[in-house]
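Trainee: Submitted below is the structure of interest, expressed as structure tokens.
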There are 2 protein chains.
Amino acid sequence: MQQIEHIKEFGGWLNRYTHPSTACHCDMTLSVYLPPAAGQGPVPAVYYLSGLTCTDDNVRVKAGAQRYAAELGLALVMPDTSPRGADVPDAPDRYDLGQGAGFYVNATRPPWDRHYHMLDYVTEELPALLEAHLPLASGVRSITGHSMGGHGALVVALRRPDLYRAVSAFAPICNPTAVGWGEGCLAAYLGEDRDTWLQYDATELIRAGKTFPGALLIDQGTDDEFLADQLHPQALATACRNSDQALELRMQPGYDHSYHFIATFIGEHLAFHASALRDTG
Amino acid sequence: MQQIEHIKEFGGWLNRYTHPSTACHCDMTLSVYLPPAAGQGPVPAVYYLSGLTCTDDNVRVKAGAQRYAAELGLALVMPDTSPRGADVPDAPDRYDLGQGAGFYVNATRPPWDRHYHMLDYVTEELPALLEAHLPLASGVRSITGHSMGGHGALVVALRRPDLYRAVSAFAPICNPTAVGWGEGCLAAYLGEDRDTWLQYDATELIRAGKTFPGALLIDQGTDDEFLADQLHPQALATACRNSDQALELRMQPGYDHSYHFIATFIGEHLAFHASALRDTG
């Protein structure tokens, strides 16, 4: 793991790293914010999964999260949204498939199946790597994300509740098998058998009986331009009501899909994560 | 004045406008953040002048200022850094002259003298326009900025202390007539007579006896890559010591020139502005 940037912010350090990824078979880039408390010993980490077209740079520049992370003593782990590079397959005419659109799945269909293993990367490889090299408390993690990354956060928390002590999401794609963004990606990455898609759909996972021990915290703007066609929070809410899954879905009047929406509420999300990470630490 | 964006953030509204500028003889674009308190009546405004290469978009996305503005009941006015457009002269091979680099002067030399009147635009035209059309308290203003914009903030506050109730700056160009960035721009915009440059140099204005009624608050990172060659805060500090000008120059260890530095300290700057705007409001 090679450190390629080191920027002081709120008394801590915003670092960027590259490393060869065994899950994705390419070099991956990510950012980690280490709060001032990391100078005294290992700290809990909140993973933030970004949305379509993003790299690690969007959230670190636009969300205003580092201020809260510094105050709360949390590290922020900000991975990329897909494998990258000249050798990595892409769909250059599409923003919702290929590089920048890994959808946090393990792809099984060519040409995607060699590199597009973002599920393993985010849940297994990255925590092991970071907890070995940085002052991050072993196994003390939570996860959040935006849009495609909100989908990713909900899915990995429901599939691997042992790995995370809290989960939240901003405007997540709640039911990807039912919307265009999800159908396009999942067909390409997993093939036409829709049954294989269900393990990457938070609403379907809950319908199938998966649960997370804590409440799912979700903020969703009512003026989000993607709400009606792509996000479907009500499908998730219905699935949670019909199961034992606690959900706090907050419809936020007037907010859109942008980082201005995320910036408004990320402080409350990080406080929610900090509380869970402290309680069980 | 035409509103072209309207984004909810921290309970208030981040708006973007275009308008024909009489000072700059072209259409200008700017952003204004109106805090929730602006729904109840006019609020004070903090003007933020951006640095080289920026538009109004950099600060509104990167600084994390809206959170504090919402809490403090302050509007943020975020102008562009120069006139723009196909009809506006430019120096496309230079980032430090022409579009994106107006230096907050009134240019007197061709080809710049028709459009490059950012001093009049920022100090006269924009406050009159905004206070006529938006819920901004008449005459209740302060000013800050970064780098080239920090230079601009200090210069306009020293030249027109009647217009502003507080001034601060992040990593300002403190003595532009003595550094490359300033010499290159001032020669182009004002001509070779260096005496005409002195009215756009905060250090020289203080040497010439200009003062601002309140302290100048300046934050400067010690690891700023432009500190030694372009910024010269010690020249300003010496000039202030030799005059009656109060200065709070805070050398911030380890910080660079980026928006991560600004984000770290903008909360303290806005609290400083809010205090001055309230005291005399």
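The chains in the structure tokens are called A, B, ... from first to last as shown; in each chain the residues are counted from 1, and the ligands are counted from 1 in the order shown.
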Residues within 9 Å of Phe226 (chain B), please, as a compact mmCIF listing (two decimals) with N, CA, C and O atoms, in the first residue's frame. Count only C-alpha atoms; anything in the same chain fewer than 5 positions from it doesn't count.
Mentor:
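The result, written out as out.txt:
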# COMPACT_ATOMS: atom_id res chain seq x y z
N ALA B 171 -4.86 32.23 3.51
CA ALA B 171 -3.66 32.18 2.66
C ALA B 171 -3.67 33.26 1.59
O ALA B 171 -3.51 32.99 0.40
N LEU B 231 2.97 34.44 -1.17
CA LEU B 231 1.97 34.91 -0.20
C LEU B 231 2.48 35.98 0.76
O LEU B 231 1.78 36.93 1.05
N ASP B 256 -1.95 22.97 4.11
CA ASP B 256 -1.53 23.36 2.76
C ASP B 256 -2.41 24.48 2.22
O ASP B 256 -3.04 25.21 3.00
N HIS B 257 -2.48 24.62 0.91
CA HIS B 257 -3.21 25.73 0.27
C HIS B 257 -4.61 25.32 -0.18
O HIS B 257 -5.33 26.11 -0.76
Trainee: Tell me the residues of chain B close to chain A, meaning within 12 Å using only C-alpha atoms, as a tab-separated table (two decimals) with N, CA and C atoms, in the first residue's frame.
Mentor:
chain	number	residue	atom	x	y	z
B	5	GLU	N	-30.17	27.94	-10.59
B	5	GLU	CA	-30.15	26.73	-9.75
B	5	GLU	C	-30.75	27.08	-8.39
B	6	HIS	N	-31.34	26.08	-7.75
B	6	HIS	CA	-32.04	26.29	-6.48
B	6	HIS	C	-31.98	24.95	-5.74
B	7	ILE	N	-31.03	24.84	-4.81
B	7	ILE	CA	-30.73	23.55	-4.18
B	7	ILE	C	-30.88	23.69	-2.67
B	8	LYS	N	-31.66	22.83	-2.06
B	8	LYS	CA	-31.84	22.91	-0.61
B	8	LYS	C	-30.60	22.36	0.10
B	9	GLU	N	-30.15	23.06	1.12
B	9	GLU	CA	-28.97	22.62	1.88
B	9	GLU	C	-29.05	23.19	3.29
B	10	PHE	N	-28.90	22.34	4.28
B	10	PHE	CA	-28.95	22.75	5.69
B	10	PHE	C	-30.18	23.61	5.99
B	11	GLY	N	-31.30	23.24	5.39
B	11	GLY	CA	-32.54	23.94	5.65
B	11	GLY	C	-32.70	25.24	4.90
B	12	GLY	N	-31.64	25.74	4.29
B	12	GLY	CA	-31.70	26.96	3.49
B	12	GLY	C	-31.59	26.64	2.01
B	13	TRP	N	-31.22	27.63	1.22
B	13	TRP	CA	-31.20	27.45	-0.23
B	13	TRP	C	-29.89	27.96	-0.82
B	14	LEU	N	-29.29	27.08	-1.60
B	14	LEU	CA	-28.11	27.44	-2.38
B	14	LEU	C	-28.60	27.77	-3.78
B	15	ASN	N	-28.55	29.06	-4.13
B	15	ASN	CA	-29.05	29.50	-5.43
B	15	ASN	C	-27.90	29.95	-6.31
B	33	TYR	N	-25.82	31.55	-0.90
B	33	TYR	CA	-26.50	30.67	0.05
B	33	TYR	C	-27.34	31.52	0.98
B	57	ASP	N	-18.33	27.88	-8.11
B	57	ASP	CA	-18.66	26.51	-7.72
B	57	ASP	C	-17.69	25.93	-6.70
B	58	ASN	N	-16.43	26.31	-6.74
B	58	ASN	CA	-15.45	25.66	-5.86
B	58	ASN	C	-15.82	25.80	-4.40
B	59	VAL	N	-16.05	27.03	-3.97
B	59	VAL	CA	-16.30	27.24	-2.54
B	59	VAL	C	-17.61	26.61	-2.11
B	60	ARG	N	-18.62	26.69	-2.95
B	60	ARG	CA	-19.92	26.18	-2.51
B	60	ARG	C	-19.91	24.67	-2.38
B	61	VAL	N	-19.02	24.01	-3.13
B	61	VAL	CA	-18.93	22.55	-3.06
B	61	VAL	C	-17.91	22.09	-2.03
B	62	LYS	N	-16.81	22.82	-1.87
B	62	LYS	CA	-15.65	22.28	-1.16
B	62	LYS	C	-15.42	22.81	0.24
B	63	ALA	N	-15.96	23.98	0.58
B	63	ALA	CA	-15.53	24.63	1.82
B	63	ALA	C	-16.31	24.17	3.05
B	64	GLY	N	-17.47	23.57	2.85
B	64	GLY	CA	-18.29	23.22	4.01
B	64	GLY	C	-18.81	24.44	4.75
B	65	ALA	N	-18.91	25.58	4.06
B	65	ALA	CA	-19.30	26.83	4.73
B	65	ALA	C	-20.79	26.92	5.01
B	66	GLN	N	-21.61	26.25	4.20
B	66	GLN	CA	-23.05	26.44	4.33
B	66	GLN	C	-23.56	25.96	5.69
B	67	ARG	N	-22.93	24.92	6.23
B	67	ARG	CA	-23.38	24.45	7.54
B	67	ARG	C	-23.30	25.57	8.58
B	68	TYR	N	-22.16	26.23	8.60
B	68	TYR	CA	-21.96	27.30	9.60
B	68	TYR	C	-22.86	28.49	9.29
B	70	ALA	N	-25.73	28.45	7.92
B	70	ALA	CA	-27.10	28.11	8.36
B	70	ALA	C	-27.23	28.32	9.86
B	71	GLU	N	-26.25	27.83	10.60
B	71	GLU	CA	-26.31	27.94	12.07
B	71	GLU	C	-26.25	29.40	12.53
B	221	GLY	N	-1.48	28.27	6.32
B	221	GLY	CA	-0.85	26.98	6.58
B	221	GLY	C	0.66	27.05	6.41
B	222	THR	N	1.37	26.39	7.32
B	222	THR	CA	2.83	26.44	7.23
B	222	THR	C	3.37	25.54	6.12
B	223	ASP	N	2.57	24.55	5.65
B	223	ASP	CA	3.01	23.69	4.56
B	223	ASP	C	2.37	24.07	3.23
B	224	ASP	N	1.91	25.30	3.15
B	224	ASP	CA	1.32	25.82	1.92
B	224	ASP	C	2.41	25.91	0.85
B	225	GLU	N	2.17	25.26	-0.28
B	225	GLU	CA	3.18	25.18	-1.32
B	225	GLU	C	3.48	26.54	-1.96
B	252	GLN	N	-0.82	28.10	10.77
B	252	GLN	CA	-1.44	26.82	11.13
B	252	GLN	C	-0.52	25.68	10.71
B	253	PRO	N	0.08	25.01	11.68
B	253	PRO	CA	1.12	24.02	11.35
B	253	PRO	C	0.60	22.84	10.54
B	254	GLY	N	1.27	22.56	9.43
B	254	GLY	CA	0.99	21.36	8.64
B	254	GLY	C	-0.05	21.54	7.55
B	255	TYR	N	-0.74	22.68	7.52
B	255	TYR	CA	-1.81	22.84	6.52
B	255	TYR	C	-1.26	23.37	5.20
B	256	ASP	N	-1.95	22.97	4.11
B	256	ASP	CA	-1.53	23.36	2.76
B	256	ASP	C	-2.41	24.48	2.22
B	257	HIS	N	-2.48	24.62	0.91
B	257	HIS	CA	-3.21	25.73	0.27
B	257	HIS	C	-4.61	25.32	-0.18
B	258	SER	N	-5.02	24.08	0.10
B	258	SER	CA	-6.23	23.52	-0.51
B	258	SER	C	-7.50	23.88	0.25
B	259	TYR	N	-8.61	23.47	-0.31
B	259	TYR	CA	-9.89	23.65	0.37
B	259	TYR	C	-10.01	22.80	1.63
B	260	HIS	N	-9.18	21.78	1.78
B	260	HIS	CA	-9.18	21.03	3.05
B	260	HIS	C	-8.70	21.94	4.20
B	261	PHE	N	-7.77	22.81	3.90
B	261	PHE	CA	-7.34	23.84	4.86
B	261	PHE	C	-8.47	24.84	5.13
B	262	ILE	N	-9.09	25.33	4.08
B	262	ILE	CA	-10.18	26.28	4.27
B	262	ILE	C	-11.31	25.65	5.08
B	263	ALA	N	-11.69	24.42	4.73
B	263	ALA	CA	-12.78	23.75	5.44
B	263	ALA	C	-12.50	23.66	6.94
B	264	THR	N	-11.23	23.46	7.27
B	264	THR	CA	-10.87	23.30	8.68
B	264	THR	C	-11.14	24.56	9.49
B	265	PHE	N	-10.94	25.72	8.89
B	265	PHE	CA	-11.00	26.97	9.65
B	265	PHE	C	-12.15	27.89	9.28
B	266	ILE	N	-12.94	27.54	8.28
B	266	ILE	CA	-13.98	28.49	7.85
B	266	ILE	C	-15.05	28.67	8.91
B	267	GLY	N	-15.25	27.66	9.75
B	267	GLY	CA	-16.22	27.83	10.83
B	267	GLY	C	-15.81	28.94	11.78
B	268	GLU	N	-14.54	28.99	12.11
B	268	GLU	CA	-14.06	30.05	13.00
B	268	GLU	C	-14.13	31.42	12.31
Trainee: Go ahead and align chain A to chain B (same sequence, so just pair every C-alpha in order, least squares) and export the moved chain as a short mmCIF file (atom, residue, chain, number, x, y, z; two decimals) with C-alpha atoms, in the first residue's frame.
Mentor:
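Saved result, superposed-v6.cif, follows:
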data_model
loop_
_atom_site.label_atom_id
_atom_site.label_comp_id
_atom_site.auth_asym_id
_atom_site.auth_seq_id
_atom_site.Cartn_x
_atom_site.Cartn_y
_atom_site.Cartn_z
CA MET A 1 -31.06 38.64 -12.31
CA GLN A 2 -32.09 35.13 -13.34
CA GLN A 3 -32.06 32.20 -10.95
CA ILE A 4 -30.55 29.17 -12.69
CA GLU A 5 -30.15 26.76 -9.74
CA HIS A 6 -32.04 26.30 -6.48
CA ILE A 7 -30.72 23.56 -4.18
CA LYS A 8 -31.84 22.92 -0.62
CA GLU A 9 -28.97 22.63 1.87
CA PHE A 10 -28.95 22.75 5.68
CA GLY A 11 -32.55 23.94 5.64
CA GLY A 12 -31.72 26.97 3.48
CA TRP A 13 -31.19 27.45 -0.24
CA LEU A 14 -28.10 27.45 -2.38
CA ASN A 15 -29.03 29.51 -5.41
CA ARG A 16 -27.13 30.35 -8.57
CA TYR A 17 -27.86 33.42 -10.66
CA THR A 18 -26.76 35.02 -13.90
CA HIS A 19 -27.14 38.72 -14.61
CA PRO A 20 -25.85 41.27 -17.10
CA SER A 21 -23.07 43.23 -15.39
CA THR A 22 -22.66 46.93 -16.07
CA ALA A 23 -19.21 46.92 -14.44
CA CYS A 24 -17.88 43.99 -16.46
CA HIS A 25 -19.91 44.39 -19.67
CA CYS A 26 -20.83 40.72 -19.83
CA ASP A 27 -23.12 38.22 -18.14
CA MET A 28 -21.84 37.20 -14.72
CA THR A 29 -22.66 34.05 -12.74
CA LEU A 30 -22.63 33.81 -8.96
CA SER A 31 -23.96 31.68 -6.11
CA VAL A 32 -25.69 32.85 -2.94
CA TYR A 33 -26.49 30.67 0.05
CA LEU A 34 -29.56 31.90 1.94
CA PRO A 35 -29.75 30.43 5.46
CA PRO A 36 -33.06 29.31 6.99
CA ALA A 37 -33.24 32.65 8.86
CA ALA A 38 -33.60 34.47 5.53
CA GLY A 39 -37.13 33.10 5.41
CA GLN A 40 -38.01 35.40 8.32
CA GLY A 41 -36.33 38.59 7.12
CA PRO A 42 -33.12 40.16 5.82
CA VAL A 43 -29.85 38.62 7.01
CA PRO A 44 -26.23 39.84 6.99
CA ALA A 45 -24.03 38.70 4.11
CA VAL A 46 -20.45 37.43 4.03
CA TYR A 47 -18.79 37.86 0.64
CA TYR A 48 -16.29 35.14 -0.25
CA LEU A 49 -13.77 35.97 -3.00
CA SER A 50 -12.26 32.88 -4.63
CA GLY A 51 -8.75 32.21 -5.83
CA LEU A 52 -7.07 31.68 -9.19
CA THR A 53 -8.81 29.28 -11.61
CA CYS A 54 -11.98 29.11 -9.47
CA THR A 55 -15.58 29.91 -10.28
CA ASP A 56 -18.39 30.31 -7.77
CA ASP A 57 -18.65 26.53 -7.72
CA ASN A 58 -15.44 25.66 -5.86
CA VAL A 59 -16.28 27.24 -2.54
CA ARG A 60 -19.91 26.19 -2.51
CA VAL A 61 -18.92 22.56 -3.06
CA LYS A 62 -15.63 22.28 -1.16
CA ALA A 63 -15.52 24.63 1.82
CA GLY A 64 -18.28 23.23 4.02
CA ALA A 65 -19.29 26.83 4.74
CA GLN A 66 -23.04 26.43 4.33
CA ARG A 67 -23.37 24.45 7.54
CA TYR A 68 -21.96 27.30 9.60
CA ALA A 69 -23.85 29.95 7.63
CA ALA A 70 -27.10 28.12 8.37
CA GLU A 71 -26.31 27.94 12.06
CA LEU A 72 -25.19 31.58 12.28
CA GLY A 73 -27.95 33.04 10.11
CA LEU A 74 -25.53 34.42 7.52
CA ALA A 75 -25.92 34.62 3.75
CA LEU A 76 -22.86 33.66 1.69
CA VAL A 77 -22.23 35.59 -1.52
CA MET A 78 -19.90 33.72 -3.87
CA PRO A 79 -18.94 35.72 -6.99
CA ASP A 80 -16.94 34.48 -9.94
CA THR A 81 -13.24 35.39 -10.17
CA SER A 82 -13.40 37.34 -13.44
CA PRO A 83 -15.62 38.32 -16.33
CA ARG A 84 -16.31 35.39 -18.66
CA GLY A 85 -17.43 34.64 -22.17
CA ALA A 86 -16.33 34.38 -25.77
CA ASP A 87 -16.20 38.18 -26.07
CA VAL A 88 -14.04 38.61 -22.96
CA PRO A 89 -10.25 38.73 -23.50
CA ASP A 90 -8.34 35.82 -22.07
CA ALA A 91 -4.82 34.42 -21.79
CA PRO A 92 -5.62 30.78 -22.44
CA ASP A 93 -2.07 29.61 -21.87
CA ARG A 94 -1.94 31.20 -18.40
CA TYR A 95 -3.91 30.25 -15.29
CA ASP A 96 -2.88 33.48 -13.54
CA LEU A 97 -4.12 36.06 -16.05
CA GLY A 98 -7.42 36.60 -17.85
CA GLN A 99 -10.55 34.54 -17.26
CA GLY A 100 -10.43 32.99 -13.78
CA ALA A 101 -7.80 35.51 -12.68
CA GLY A 102 -9.44 38.94 -12.44
CA PHE A 103 -7.43 39.81 -9.31
CA TYR A 104 -10.28 42.08 -8.11
CA VAL A 105 -8.88 45.16 -9.89
CA ASN A 106 -10.31 47.73 -12.28
CA ALA A 107 -8.12 47.19 -15.33
CA THR A 108 -6.96 50.27 -17.23
CA ARG A 109 -4.92 48.74 -20.05
CA PRO A 110 -6.17 47.09 -23.26
CA PRO A 111 -7.33 44.48 -23.97
CA TRP A 112 -8.47 44.10 -20.35
CA ASP A 113 -9.88 47.56 -19.64
CA ARG A 114 -13.39 47.04 -20.99
CA HIS A 115 -14.40 43.94 -19.02
CA TYR A 116 -12.00 43.44 -16.11
CA HIS A 117 -13.61 45.67 -13.47
CA MET A 118 -13.92 43.18 -10.65
CA LEU A 119 -13.25 45.84 -7.99
CA ASP A 120 -16.34 47.82 -8.98
CA TYR A 121 -18.29 44.62 -9.53
CA VAL A 122 -17.62 43.17 -6.11
CA THR A 123 -17.79 46.37 -4.05
CA GLU A 124 -20.55 48.32 -5.80
CA GLU A 125 -22.62 46.54 -8.41
CA LEU A 126 -23.10 43.22 -6.69
CA PRO A 127 -24.14 44.49 -3.22
CA ALA A 128 -26.64 46.92 -4.79
CA LEU A 129 -28.09 44.21 -7.02
CA LEU A 130 -28.32 41.54 -4.33
CA GLU A 131 -29.69 43.80 -1.60
CA ALA A 132 -32.40 44.94 -4.00
CA HIS A 133 -33.49 41.43 -4.99
CA LEU A 134 -32.68 39.09 -2.09
CA PRO A 135 -33.40 39.10 1.67
CA LEU A 136 -30.00 40.61 2.51
CA ALA A 137 -29.83 43.35 5.14
CA SER A 138 -28.89 46.63 3.48
CA GLY A 139 -25.24 47.48 4.06
CA VAL A 140 -24.66 44.72 6.61
CA ARG A 141 -21.73 42.99 4.95
CA SER A 142 -18.33 41.49 5.59
CA ILE A 143 -15.75 39.95 3.31
CA THR A 144 -13.30 37.06 3.17
CA GLY A 145 -11.48 35.09 0.51
CA HIS A 146 -8.76 32.63 -0.42
CA SER A 147 -5.38 33.27 -2.03
CA MET A 148 -6.08 35.76 -4.88
CA GLY A 149 -9.45 36.24 -3.20
CA GLY A 150 -7.82 36.78 0.18
CA HIS A 151 -5.81 39.54 -1.48
CA GLY A 152 -9.07 40.91 -2.86
CA ALA A 153 -10.80 40.83 0.51
CA LEU A 154 -7.97 42.63 2.31
CA VAL A 155 -7.63 45.26 -0.43
CA VAL A 156 -11.30 46.13 -0.69
CA ALA A 157 -11.68 46.26 3.10
CA LEU A 158 -8.70 48.61 3.43
CA ARG A 159 -9.83 50.79 0.52
CA ARG A 160 -13.51 50.84 1.49
CA PRO A 161 -13.76 50.17 5.24
CA ASP A 162 -17.16 51.89 5.16
CA LEU A 163 -18.56 48.94 3.19
CA TYR A 164 -17.57 46.03 5.45
CA ARG A 165 -17.93 45.23 9.14
CA ALA A 166 -15.26 42.53 9.19
CA VAL A 167 -12.57 41.09 6.98
CA SER A 168 -10.63 37.82 7.05
CA ALA A 169 -8.58 35.80 4.62
CA PHE A 170 -7.24 32.30 3.98
CA ALA A 171 -3.66 32.17 2.67
CA PRO A 172 -3.96 35.58 0.98
CA ILE A 173 -1.46 37.08 -1.45
CA CYS A 174 -0.43 39.72 1.08
CA ASN A 175 2.08 41.72 -0.92
CA PRO A 176 1.25 41.15 -4.61
CA THR A 177 3.56 43.85 -5.98
CA ALA A 178 6.48 41.82 -4.63
CA VAL A 179 5.59 38.38 -6.05
CA GLY A 180 5.21 36.74 -9.43
CA TRP A 181 1.45 36.25 -9.39
CA GLY A 182 0.84 39.90 -8.62
CA GLU A 183 3.50 41.35 -10.90
CA GLY A 184 2.25 39.39 -13.88
CA CYS A 185 -1.36 40.43 -13.43
CA LEU A 186 -0.87 43.98 -12.30
CA ALA A 187 1.47 44.83 -15.18
CA ALA A 188 -1.08 43.47 -17.66
CA TYR A 189 -4.16 45.03 -16.08
CA LEU A 190 -2.67 48.37 -14.94
CA GLY A 191 0.43 48.94 -17.06
CA GLU A 192 4.09 49.20 -16.17
CA ASP A 193 3.84 52.14 -13.75
CA ARG A 194 4.29 50.31 -10.48
CA ASP A 195 2.91 53.23 -8.47
CA THR A 196 -0.55 52.36 -9.81
CA TRP A 197 -0.17 48.84 -8.43
CA LEU A 198 0.19 49.95 -4.84
CA GLN A 199 -3.51 50.61 -4.39
CA TYR A 200 -4.06 46.85 -4.95
CA ASP A 201 -1.53 45.63 -2.39
CA ALA A 202 -2.72 45.19 1.21
CA THR A 203 0.78 45.54 2.62
CA GLU A 204 1.42 48.74 0.64
CA LEU A 205 -1.98 50.18 1.57
CA ILE A 206 -1.16 49.73 5.26
CA ARG A 207 2.30 51.21 4.74
CA ALA A 208 0.55 54.19 3.15
CA GLY A 209 -1.62 54.67 6.23
CA LYS A 210 -4.84 52.89 5.32
CA THR A 211 -6.50 51.05 8.19
CA PHE A 212 -9.51 48.87 8.84
CA PRO A 213 -11.41 49.47 12.10
CA GLY A 214 -11.38 45.80 13.18
CA ALA A 215 -8.58 43.25 13.31
CA LEU A 216 -7.64 41.46 10.09
CA LEU A 217 -8.05 37.72 10.72
CA ILE A 218 -5.73 35.61 8.57
CA ASP A 219 -5.11 31.86 8.61
CA GLN A 220 -2.03 30.59 6.79
CA GLY A 221 -0.85 26.98 6.59
CA THR A 222 2.83 26.43 7.23
CA ASP A 223 3.01 23.69 4.57
CA ASP A 224 1.32 25.83 1.92
CA GLU A 225 3.17 25.18 -1.33
CA PHE A 226 2.84 28.86 -2.31
CA LEU A 227 3.80 30.39 1.03
CA ALA A 228 7.43 31.32 0.36
CA ASP A 229 7.11 32.51 -3.22
CA GLN A 230 3.68 34.13 -3.52
CA LEU A 231 1.97 34.91 -0.20
CA HIS A 232 4.36 36.88 2.10
CA PRO A 233 2.24 37.18 5.25
CA GLN A 234 5.26 38.41 7.21
CA ALA A 235 5.45 41.52 5.04
CA LEU A 236 1.86 42.30 5.97
CA ALA A 237 2.54 41.54 9.63
CA THR A 238 5.47 43.96 9.65
CA ALA A 239 3.40 46.68 8.00
CA CYS A 240 0.62 46.18 10.57
CA ARG A 241 3.11 46.31 13.46
CA ASN A 242 4.46 49.61 12.14
CA SER A 243 0.98 51.13 11.86
CA ASP A 244 -2.17 51.12 13.95
CA GLN A 245 -3.61 48.09 12.16
CA ALA A 246 -4.72 45.17 14.36
CA LEU A 247 -3.89 41.79 12.83
CA GLU A 248 -4.51 38.23 13.96
CA LEU A 249 -2.21 36.16 11.77
CA ARG A 250 -2.46 32.49 12.67
CA MET A 251 0.23 30.24 11.21
CA GLN A 252 -1.43 26.81 11.13
CA PRO A 253 1.11 24.01 11.36
CA GLY A 254 0.99 21.36 8.64
CA TYR A 255 -1.81 22.82 6.52
CA ASP A 256 -1.52 23.35 2.77
CA HIS A 257 -3.20 25.74 0.28
CA SER A 258 -6.22 23.54 -0.51
CA TYR A 259 -9.88 23.66 0.38
CA HIS A 260 -9.18 21.03 3.05
CA PHE A 261 -7.33 23.84 4.87
CA ILE A 262 -10.18 26.28 4.27
CA ALA A 263 -12.78 23.75 5.44
CA THR A 264 -10.86 23.29 8.68
CA PHE A 265 -10.98 26.96 9.65
CA ILE A 266 -13.97 28.49 7.85
CA GLY A 267 -16.23 27.83 10.82
CA GLU A 268 -14.04 30.04 13.01
CA HIS A 269 -13.96 32.72 10.31
CA LEU A 270 -17.72 32.76 9.93
CA ALA A 271 -18.16 32.97 13.71
CA PHE A 272 -15.77 35.95 13.68
CA HIS A 273 -17.80 37.60 10.91
CA ALA A 274 -21.11 36.85 12.63
CA SER A 275 -19.90 38.49 15.80
CA ALA A 276 -18.93 41.69 13.96
CA LEU A 277 -22.11 41.72 11.90
CA ARG A 278 -24.26 41.31 15.01
CA ASP A 279 -22.39 43.84 17.14
CA THR A 280 -22.87 46.69 14.74
CA GLY A 281 -26.10 45.58 13.04
#
Trainee: Region 21-153 of chain B: which residues are alpha helix (DSSP H) by DSSP, as an MDAnalysis selection string?
Mentor: chainID B and resid 56:62 65:72 118:120 126:133 148:153
Trainee: Would you please extract all strand (DSSP E) residues from region 171-252 of chain B, as assigned by DSSP on the backbone, and give them as a ChimeraX atom specification?
Mentor: /B:216-221,247-252
